[in-house]
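This is upload_36.pdb (PDB, C-alpha atoms).
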MODEL        1
ATOM      1  CA  GLN A   1       3.892  20.260   5.041
ATOM      2  CA  HIS A   2       2.253  23.390   6.351
ATOM      3  CA  SER A   3      -0.113  23.467   9.266
ATOM      4  CA  ALA A   4      -2.812  25.895  10.272
ATOM      5  CA  LEU A   5      -0.360  27.270  12.830
ATOM      6  CA  ALA A   6       2.206  28.004  10.106
ATOM      7  CA  VAL A   7      -0.449  29.906   8.137
ATOM      8  CA  ILE A   8      -1.507  31.840  11.250
ATOM      9  CA  LEU A   9       2.095  32.803  11.913
ATOM     10  CA  LEU A  10       2.389  34.125   8.348
ATOM     11  CA  HIS A  11      -0.511  36.472   9.103
ATOM     12  CA  PRO A  12      -0.069  38.285  12.413
ATOM     13  CA  GLU A  13      -2.740  40.760  11.286
ATOM     14  CA  TYR A  14      -5.354  38.003  11.783
ATOM     15  CA  GLN A  15      -4.214  36.964  15.249
ATOM     16  CA  PRO A  16      -6.499  39.447  17.082
ATOM     17  CA  VAL A  17      -9.482  37.880  15.311
ATOM     18  CA  LEU A  18      -8.330  34.407  16.309
ATOM     19  CA  ASP A  19      -7.723  35.529  19.892
ATOM     20  CA  ALA A  20     -11.325  36.721  20.281
ATOM     21  CA  PRO A  21     -13.452  34.922  17.674
ATOM     22  CA  GLU A  22     -16.687  35.629  19.555
ATOM     23  CA  ARG A  23     -16.251  39.338  18.770
ATOM     24  CA  TYR A  24     -16.342  38.547  15.044
ATOM     25  CA  LEU A  25     -19.205  36.039  14.809
ATOM     26  CA  GLN A  26     -21.535  38.573  13.213
ATOM     27  CA  HIS A  27     -18.880  40.427  11.228
ATOM     28  CA  ASP A  28     -19.559  40.639   7.496
ATOM     29  CA  TRP A  29     -16.264  40.422   5.595
ATOM     30  CA  THR A  30     -16.945  42.112   2.275
ATOM     31  CA  PRO A  31     -14.552  43.432  -0.360
ATOM     32  CA  GLU A  32     -16.737  46.533  -0.595
ATOM     33  CA  GLN A  33     -15.728  47.333   2.980
ATOM     34  CA  GLY A  34     -12.107  46.766   2.053
ATOM     35  CA  SER A  35     -11.864  43.749   4.314
ATOM     36  CA  VAL A  36     -10.678  40.226   3.672
ATOM     37  CA  ASN A  37     -12.278  37.314   5.463
ATOM     38  CA  PRO A  38      -9.329  35.982   7.476
ATOM     39  CA  PHE A  39     -10.897  32.538   7.802
ATOM     40  CA  LEU A  40     -11.389  32.232   4.048
ATOM     41  CA  HIS A  41      -7.894  33.568   3.394
ATOM     42  CA  MET A  42      -6.233  31.089   5.740
ATOM     43  CA  SER A  43      -8.402  28.237   4.427
ATOM     44  CA  LEU A  44      -7.274  28.997   0.883
ATOM     45  CA  HIS A  45      -3.654  28.991   2.080
ATOM     46  CA  LEU A  46      -4.188  25.497   3.503
ATOM     47  CA  ALA A  47      -5.940  24.342   0.320
ATOM     48  CA  ILE A  48      -3.007  25.508  -1.793
ATOM     49  CA  GLU A  49      -0.510  23.797   0.501
ATOM     50  CA  GLU A  50      -2.526  20.598   0.066
ATOM     51  CA  GLN A  51      -2.483  21.069  -3.720
ATOM     52  CA  LEU A  52       1.275  21.528  -3.602
ATOM     53  CA  SER A  53       1.760  18.385  -1.504
ATOM     54  CA  ILE A  54       0.192  16.245  -4.268
ATOM     55  CA  ASP A  55       0.750  18.473  -7.351
ATOM     56  CA  GLN A  56      -2.963  18.668  -7.989
ATOM     57  CA  PRO A  57      -3.952  20.028 -10.408
ATOM     58  CA  PRO A  58      -0.897  18.685 -12.233
ATOM     59  CA  GLY A  59       1.532  21.528 -12.816
ATOM     60  CA  VAL A  60       0.573  23.661  -9.826
ATOM     61  CA  VAL A  61       3.918  22.943  -8.122
ATOM     62  CA  ALA A  62       5.850  24.149 -11.167
ATOM     63  CA  GLU A  63       3.745  27.321 -11.413
ATOM     64  CA  ILE A  64       4.122  28.213  -7.741
ATOM     65  CA  ASP A  65       7.862  27.495  -7.951
ATOM     66  CA  ARG A  66       8.103  29.750 -11.017
ATOM     67  CA  LEU A  67       6.226  32.545  -9.253
ATOM     68  CA  SER A  68       8.323  32.102  -6.113
ATOM     69  CA  HIS A  69      11.541  32.466  -8.094
ATOM     70  CA  ALA A  70      10.198  35.369 -10.160
ATOM     71  CA  THR A  71       9.121  37.350  -7.093
ATOM     72  CA  GLY A  72      11.771  36.069  -4.709
ATOM     73  CA  ASP A  73       8.951  35.624  -2.208
ATOM     74  CA  ARG A  74       7.074  32.342  -1.700
ATOM     75  CA  HIS A  75       4.357  34.068   0.320
ATOM     76  CA  ALA A  76       3.712  36.519  -2.519
ATOM     77  CA  ALA A  77       3.506  33.586  -4.931
ATOM     78  CA  LEU A  78       0.985  31.898  -2.659
ATOM     79  CA  HIS A  79      -1.086  35.076  -2.546
ATOM     80  CA  ALA A  80      -1.136  35.142  -6.356
ATOM     81  CA  ALA A  81      -2.389  31.550  -6.258
ATOM     82  CA  LEU A  82      -4.993  32.534  -3.644
ATOM     83  CA  GLU A  83      -6.381  35.137  -6.006
ATOM     84  CA  CYS A  84      -6.532  32.665  -8.884
ATOM     85  CA  LEU A  85      -8.090  29.930  -6.760
ATOM     86  CA  GLY A  86     -10.612  32.331  -5.251
ATOM     87  CA  GLU A  87     -11.690  33.493  -8.691
ATOM     88  CA  VAL A  88     -12.003  29.939 -10.026
ATOM     89  CA  MET A  89     -14.035  28.915  -6.971
ATOM     90  CA  TRP A  90     -16.305  31.943  -7.303
ATOM     91  CA  LEU A  91     -16.911  31.185 -10.994
ATOM     92  CA  ALA A  92     -17.642  27.522 -10.224
ATOM     93  CA  GLN A  93     -20.160  28.523  -7.582
ATOM     94  CA  ARG A  94     -21.758  31.108  -9.873
ATOM     95  CA  ASP A  95     -21.983  28.645 -12.755
ATOM     96  CA  GLN A  96     -22.891  25.690 -10.510
ATOM     97  CA  ALA A  97     -20.048  23.726 -12.078
ATOM     98  CA  ALA A  98     -16.843  22.015 -11.045
ATOM     99  CA  PRO A  99     -13.840  24.313 -10.598
ATOM    100  CA  ASP A 100     -11.959  24.760 -13.873
ATOM    101  CA  GLN A 101      -8.454  23.439 -13.204
ATOM    102  CA  GLN A 102      -7.142  24.714 -16.525
ATOM    103  CA  ALA A 103      -8.411  28.228 -15.826
ATOM    104  CA  TYR A 104      -6.667  28.066 -12.445
ATOM    105  CA  LEU A 105      -3.336  27.066 -14.001
ATOM    106  CA  GLU A 106      -3.717  29.619 -16.788
ATOM    107  CA  GLY A 107      -4.370  32.300 -14.176
ATOM    108  CA  LEU A 108      -1.136  31.323 -12.446
ATOM    109  CA  ARG A 109       0.778  31.407 -15.734
ATOM    110  CA  ARG A 110      -0.420  34.949 -16.436
ATOM    111  CA  ARG A 111       1.016  36.216 -13.179
TER     112      ARG A 111
ENDMDL
END

Show the structure stored in the file as structure tokens.
Amino acid sequence: QHSALAVILLHPEYQPVLDAPERYLQHDWTPEQGSVNPFLHMSLHLAIEEQLSIDQPPGVVAEIDRLSHATGDRHAALHAALECLGEVMWLAQRDQAAPDQQAYLEGLRRR
């Protein structure tokens, strides 16, 4: 099982933000600025690890395993899942609906 610390250690580029969070309270993390919200990114990592621990949605473990083997890099596979999960969450929020688990798995399969 992965902890927040394990995710932080995977991302040394975010450690300065975590070392001085007060400096970033008003920071606006927007894709237009070319920045990724480190807190959202790490939260999605933890969400995916939780999904993997219970294979929810069913089949997510197999898809991440497939991506890990195909890329030879588990972290890269997790980042592909982050993109899929982020998109599904954004669409659910936009449509005021539950996240589409099938769309999530299909997104993983296309990678």

Please report, as JSON, the centre and edge lengths in Å to one decimal of an axis-aligned box covering all listed atoms of segment 61-68 of chain A with 8 Å per side.
{"center_x": 6.0, "center_y": 27.7, "center_z": -8.8, "size_x": 20.6, "size_y": 25.6, "size_z": 21.3}

Selected residue, from A:Asp65, A:Glu83, A:Asp28, A:Asp73, that lies nearest to Leu44 of chain A when counting only C-alpha atoms: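 Closest candidate: A:Glu83.
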
To one decimal in Å, tell me the separation between atom CA of Ala81 of chain A and atom CA of Gln93 of chain A.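 Taking atom CA of Ala81 of chain A as the start and atom CA of Gln93 of chain A as the end point, the length is 18.1 Å.
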
Evaluate the PyMOL selection byres ((chain A and resi 60) around 12) here and jot the selected residues down as JSON, numbers by chain. {"A": [48, 49, 50, 51, 52, 53, 54, 55, 56, 57, 58, 59, 61, 62, 63, 64, 65, 66, 67, 77, 78, 81, 84, 85, 101, 102, 103, 104, 105, 106, 107, 108, 109]}

With only C-alpha atoms as the basis for distance, which of A:Gln15, A:His45, A:Ala98, A:Ala92 is at the shortest distance from Ala76 of chain A?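 Of A:Gln15, A:His45, A:Ala98, A:Ala92, the one nearest Ala76 of chain A, counting only C-alpha atoms, is A:His45.
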
Could you tell me which residues the PyMOL selection byres ((chain A and resi 13) around 12) returns for this structure, as a list in words?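 What the PyMOL selection byres ((chain A and resi 13) around 12) grabs from the file is Val7, Ile8, Leu9, Leu10, His11, Pro12, Tyr14, Gln15, Pro16, Val17, Leu18, Asp19, Ser35, Val36, Asn37, Pro38, His41 and Met42 of chain A.
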
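The shortest atom-to-atom distance to Gly86 of chain A, with only C-alpha atoms taken into account, belongs to A:Ser43 out of A:Pro21, A:Ala70, A:Arg110, A:Ser43.
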
To one decimal place in Å, what is the distance between atom CA of Gln96 of chain A and atom CA of His27 of chain A? 26.6 Å
